[in-house]
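Source file input.tsv; content: TSV, C-alpha atoms.
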```
chain	number	residue	atom	x	y	z
A	1	MET	CA	106.12	92.69	86.05
A	2	LYS	CA	105.18	96.34	85.57
A	3	ASN	CA	107.23	97.46	88.60
A	4	SER	CA	110.29	95.52	87.40
A	5	LYS	CA	110.14	97.07	83.92
A	6	VAL	CA	109.77	100.59	85.31
A	7	LEU	CA	112.66	100.01	87.69
A	8	LEU	CA	114.92	98.59	84.96
A	9	LYS	CA	114.09	101.53	82.69
A	10	ALA	CA	114.85	104.05	85.45
A	11	LEU	CA	118.10	102.46	86.55
A	12	ASP	CA	121.02	101.34	84.42
A	13	ASN	CA	122.91	98.10	85.10
A	14	ASP	CA	125.46	99.81	87.33
A	15	ASP	CA	122.71	101.30	89.49
A	16	LEU	CA	121.16	97.85	89.99
A	17	ASN	CA	124.26	96.93	92.00
A	18	HIS	CA	123.42	99.82	94.33
A	19	VAL	CA	119.84	98.87	95.20
A	20	LEU	CA	119.12	98.00	98.82
A	21	MET	CA	116.22	95.53	98.80
A	22	THR	CA	114.45	95.40	102.15
A	23	ASP	CA	111.70	93.33	103.71
A	24	GLU	CA	110.62	91.69	106.93
A	25	ALA	CA	109.38	88.18	107.68
A	26	ASN	CA	108.04	86.30	110.69
A	27	PHE	CA	110.10	83.43	112.04
A	28	HIS	CA	108.12	81.13	114.34
A	29	PHE	CA	109.85	79.36	117.19
A	30	CYS	CA	107.88	76.15	116.57
A	31	GLY	CA	108.90	76.08	112.89
A	32	ASN	CA	105.52	76.99	111.35
A	33	VAL	CA	105.62	78.15	107.77
A	34	SER	CA	102.72	79.97	106.13
A	35	SER	CA	101.11	77.43	103.82
A	36	GLN	CA	98.32	79.58	102.39
A	37	ASN	CA	99.83	79.41	98.88
A	38	CYS	CA	100.66	75.69	98.95
A	39	CYS	CA	98.43	73.25	97.03
A	40	TYR	CA	98.38	69.52	97.59
A	41	TRP	CA	96.91	67.26	94.91
A	42	ALA	CA	95.94	63.69	95.77
A	43	THR	CA	93.36	61.15	94.65
A	44	GLU	CA	92.13	60.69	98.20
A	45	ASN	CA	92.16	62.55	101.51
A	46	PRO	CA	95.25	61.41	103.46
A	47	ARG	CA	93.40	62.02	106.76
A	48	ASP	CA	96.64	63.01	108.43
A	49	ILE	CA	96.38	65.22	111.48
A	50	HIS	CA	99.09	67.75	112.05
A	51	GLN	CA	98.76	69.62	115.32
A	52	LYS	CA	100.20	73.09	115.63
A	53	PRO	CA	100.18	75.36	118.65
A	54	LEU	CA	97.46	77.99	118.52
A	55	ARG	CA	99.92	80.80	119.14
A	56	SER	CA	103.56	80.19	118.41
A	57	GLU	CA	106.20	82.58	119.66
A	58	LYS	CA	107.65	84.47	116.70
A	59	PHE	CA	110.00	87.27	115.78
A	60	THR	CA	109.67	89.82	113.02
A	61	VAL	CA	113.03	90.03	111.29
A	62	TRP	CA	113.96	92.90	108.95
A	63	HIS	CA	116.78	92.64	106.47
A	64	VAL	CA	118.59	94.54	103.76
A	65	LEU	CA	120.00	92.62	100.81
A	66	ALA	CA	122.27	94.14	98.16
A	67	SER	CA	124.73	92.74	95.64
A	68	PHE	CA	127.63	93.96	97.81
A	69	GLY	CA	126.43	92.52	101.12
A	70	LEU	CA	123.77	91.97	103.75
A	71	THR	CA	122.79	94.29	106.57
A	72	GLY	CA	120.96	92.83	109.50
A	73	PRO	CA	119.15	91.00	110.80
A	74	TYR	CA	117.18	93.49	112.85
A	75	PHE	CA	114.67	92.00	115.30
A	76	PHE	CA	111.63	94.10	116.15
A	77	GLU	CA	111.44	93.63	119.92
A	78	ASP	CA	110.99	95.60	123.13
A	79	GLU	CA	113.56	96.24	125.87
A	80	ALA	CA	112.77	92.84	127.44
A	81	GLY	CA	113.46	91.03	124.15
A	82	ARG	CA	109.79	90.26	123.41
A	83	ALA	CA	108.59	90.49	119.81
A	84	VAL	CA	106.56	93.58	118.91
A	85	ALA	CA	104.54	94.54	115.86
A	86	VAL	CA	106.09	96.79	113.24
A	87	ASN	CA	104.54	100.25	113.30
A	88	SER	CA	105.69	103.55	111.80
A	89	ALA	CA	107.42	104.76	115.00
A	90	ARG	CA	109.40	101.52	115.40
A	91	TYR	CA	110.25	101.38	111.69
A	92	THR	CA	111.43	105.00	111.67
A	93	ALA	CA	113.52	104.42	114.81
A	94	MET	CA	115.10	101.35	113.20
A	95	LEU	CA	116.08	103.35	110.11
A	96	SER	CA	117.86	105.96	112.24
A	97	THR	CA	119.37	103.79	114.98
A	98	PHE	CA	120.19	100.63	113.02
A	99	LEU	CA	120.32	101.08	109.24
A	100	GLU	CA	122.23	104.35	109.08
A	101	PRO	CA	125.02	103.19	111.46
A	102	GLU	CA	125.23	99.84	109.62
A	103	LEU	CA	125.75	101.55	106.26
A	104	GLN	CA	128.41	103.79	107.83
A	105	ARG	CA	130.11	100.70	109.29
A	106	LEU	CA	130.17	99.13	105.80
A	107	GLY	CA	131.64	102.35	104.40
A	108	VAL	CA	128.82	102.78	101.89
A	109	GLU	CA	127.68	106.27	100.94
A	110	ASN	CA	123.89	106.70	101.03
A	111	GLN	CA	124.00	109.11	98.07
A	112	THR	CA	125.04	106.25	95.74
A	113	LEU	CA	122.29	103.87	96.90
A	114	TRP	CA	118.66	103.25	96.00
A	115	PHE	CA	116.41	102.07	98.86
A	116	GLN	CA	113.58	99.69	97.91
A	117	GLN	CA	110.77	98.73	100.28
A	118	ASP	CA	107.21	97.44	100.01
A	119	GLY	CA	104.23	99.72	100.48
A	120	THR	CA	102.98	98.78	103.94
A	121	THR	CA	101.58	101.62	106.01
A	122	ALA	CA	104.43	101.48	108.56
A	123	HIS	CA	106.97	101.91	105.75
A	124	THR	CA	105.21	104.73	103.94
A	125	ALA	CA	104.10	106.82	106.91
A	126	ARG	CA	105.14	110.48	106.69
A	127	THR	CA	107.78	110.16	109.41
A	128	ALA	CA	109.38	107.10	107.79
A	129	MET	CA	109.34	108.64	104.31
A	130	ARG	CA	110.86	111.86	105.67
A	131	VAL	CA	113.78	109.92	107.18
A	132	LEU	CA	114.21	107.84	104.00
A	133	ASN	CA	114.21	110.92	101.76
A	134	GLU	CA	116.92	112.49	103.96
A	135	MET	CA	119.00	109.30	103.96
A	136	PHE	CA	118.52	108.49	100.24
A	137	PRO	CA	117.77	111.80	98.44
A	138	ALA	CA	115.61	111.18	95.33
A	139	CYS	CA	116.46	107.46	95.49
A	140	VAL	CA	113.53	105.75	97.25
A	141	ILE	CA	111.70	102.94	95.47
A	142	SER	CA	108.38	102.57	97.27
A	143	ARG	CA	104.74	103.54	97.27
A	144	LYS	CA	105.00	107.34	97.65
A	145	GLY	CA	108.68	107.11	96.62
A	146	ASN	CA	110.70	108.51	93.72
A	147	ILE	CA	110.06	105.33	91.75
A	148	GLU	CA	106.60	103.98	92.49
A	149	TRP	CA	106.43	100.41	93.82
A	150	ARG	CA	102.78	99.45	93.92
A	151	ALA	CA	101.22	97.93	97.02
A	152	ARG	CA	100.67	94.17	96.66
A	153	SER	CA	103.03	94.13	93.69
A	154	PRO	CA	103.46	90.74	92.03
A	155	ASP	CA	107.14	91.63	91.62
A	156	LEU	CA	109.20	90.13	94.39
A	157	ASN	CA	112.44	91.54	95.62
A	158	ALA	CA	115.44	89.35	96.43
A	159	CYS	CA	114.43	89.02	100.09
A	160	ASN	CA	111.15	87.41	99.03
A	161	PHE	CA	112.35	85.08	96.31
A	162	PHE	CA	115.68	84.13	97.89
A	163	LEU	CA	116.57	85.23	101.41
A	164	TRP	CA	113.54	84.14	103.45
A	165	GLY	CA	113.32	80.72	101.80
A	166	GLN	CA	117.07	80.18	102.21
A	167	LEU	CA	116.98	81.08	105.90
A	168	MET	CA	113.83	79.11	106.70
A	169	SER	CA	115.10	75.96	104.98
A	170	LYS	CA	118.36	76.13	106.95
A	171	LEU	CA	116.66	76.95	110.26
A	172	HIS	CA	114.10	74.15	110.04
A	173	ALA	CA	116.94	71.65	109.75
A	174	LYS	CA	118.22	72.78	113.17
A	175	LYS	CA	116.63	72.35	116.56
A	176	GLN	CA	115.97	75.60	118.37
A	177	ARG	CA	115.56	75.10	122.11
A	178	THR	CA	115.01	78.76	122.98
A	179	THR	CA	114.21	81.99	121.18
A	180	VAL	CA	117.81	83.04	121.90
A	181	ASP	CA	118.93	79.98	119.89
A	182	LEU	CA	116.57	80.90	117.06
A	183	LYS	CA	117.91	84.46	116.84
A	184	GLN	CA	121.53	83.29	116.97
A	185	ASN	CA	120.87	80.67	114.27
A	186	ILE	CA	119.35	83.40	112.06
A	187	ARG	CA	122.48	85.53	112.56
A	188	ASP	CA	124.75	82.53	111.81
A	189	GLU	CA	122.90	81.58	108.62
A	190	VAL	CA	122.93	85.19	107.39
A	191	ALA	CA	126.69	85.35	108.01
A	192	ALA	CA	127.13	82.12	106.00
A	193	ILE	CA	125.66	83.64	102.81
A	194	SER	CA	128.62	84.26	100.51
A	195	PRO	CA	129.24	87.35	98.36
A	196	ASN	CA	129.07	85.12	95.25
A	197	MET	CA	125.59	83.98	96.22
A	198	LEU	CA	124.50	87.58	96.68
A	199	GLN	CA	125.85	88.54	93.24
```
Once more with this new file: its structure as structure tokens, please.
Amino acid sequence: MKNSKVLLKALDNDDLNHVLMTDEANFHFCGNVSSQNCCYWATENPRDIHQKPLRSEKFTVWHVLASFGLTGPYFFEDEAGRAVAVNSARYTAMLSTFLEPELQRLGVENQTLWFQQDGTTAHTARTAMRVLNEMFPACVISRKGNIEWRARSPDLNACNFFLWGQLMSKLHAKKQRTTVDLKQNIRDEVAAISPNMLQ
């Protein structure tokens, strides 16, 4: 809660409508969902066996959520369309080649926006922070940013407490036959999120 209180104190209500909340999540082709935080209470062991593939094909999807709209999704992948890990070089390239043109396409001025991100190493590397500070002068909410956002913060942004759950619940109701289907379904579900829901 500390991060939220600091953020609310630093920004007035009008500024909150100009915060870009960003995050990435892994979407597995086989429909796996991380269950490390799920607890099941029962009087006896159900002895059910649920088999999962050892390694499921997945994509790392990055998104920007704001009260005025969504930007993305951006899939971290190589030239052949295979998923790749997020590192500082790929993250920095995405900021320059994807985010900046998307904001220009939406007609939003960077100088009026705050950019919020978590404190992973790829996000807070010197090269990434240099690009972010040029794009959003004095308006970066992050570890090493203008407003500090602690690593492993218990405060969730809107991507964490809304977007990923919304997308995963919709996607698991559909059958994906290929990774191309999965990516298209992600794009379709993002496009279906209404401005009222974002507000």
**OP:** Rank A:His123, A:Arg187, A:Arg105, A:His18 by their smallest atom-to-atom distance to A:Gln199, using all atoms listed in the file, and report the top residue only.
**Re:**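 Ranked by minimum distance to A:Gln199, first place goes to A:His18.
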Subject >> Residue contacts of A:Ala85 (12 Å, only C-alpha atoms) excluding same-chain residues fewer than 2 positions away, as a list in words >> reply: Glu24, Ala25, Asn26, Lys58, Phe59, Thr60, Val61, Trp62, Phe75, Phe76, Glu77, Asp78, Arg82, Ala83, Asn87, Ser88, Ala89, Arg90, Tyr91 and Ala122 of chain A
So that each row is one residue of stretch 129-193 of chain A with an atom at most 10 Å from stretch 67-73 of chain A, can you give its shortest atom pair and the distance in Å to one decimal, using all atoms listed in the file, rows by chain and rising number, as a Markdown table?
```
| residue | atom | partner | partner_atom | distance |
| --- | --- | --- | --- | --- |
| A:Ala158 | CA | A:Ser67 | CA | 9.9 |
| A:Lys183 | CA | A:Pro73 | CA | 9.0 |
| A:Ile186 | CA | A:Pro73 | CA | 7.7 |
| A:Arg187 | CA | A:Pro73 | CA | 6.6 |
| A:Val190 | CA | A:Pro73 | CA | 7.7 |
| A:Ala191 | CA | A:Leu70 | CA | 8.4 |
| A:Ile193 | CA | A:Leu70 | CA | 8.6 |
```
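You will find atom CA of A:Pro137 at 6.8 Å from atom CA of A:Gln111.
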Original post:
So how far away is atom CA of A:Glu100 from atom CA of A:Val131, in Å?
Top reply: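 Between atom CA of A:Val131 and atom CA of A:Glu100 the gap is 10.3 Å.
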**OP:** Could you tell me which of A:His63, A:Val86, A:Glu79, A:His172 comes closest to A:Thr120 if we count only C-alpha atoms?
**Re:**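 Comparing A:His63, A:Val86, A:Glu79, A:His172 against A:Thr120, the winner is A:Val86.
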Subject >> Residue nearest A:Ala192 among A:Ala173, A:Leu167, A:Leu103, A:Ala80 (counting all atoms listed in the file) >> reply: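 Answer, going by the shortest atom-to-atom distance: A:Leu167.
With distances taken over only C-alpha atoms, A:Phe27 is the one residue among A:Phe27, A:Asn17, A:Leu65, A:Lys144 lying closest to A:Ser169.
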**OP:** Rank nothing, just name the residue among A:Ser194, A:Asn160, A:Ser96, A:Gln116 nearest to A:Glu134, using all atoms listed in the file.
**Re:**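 Using all atoms listed in the file, the shortest distance to A:Glu134 belongs to A:Ser96.
If you look at atom CA of A:Gln184 and atom CA of A:His28, they are 13.8 Å away from each other.
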Original post:
Using only C-alpha atoms, can you list as a count of residues only the residues within 9 Å of (112.0, 83.8, 126.3)?
Top reply: 6
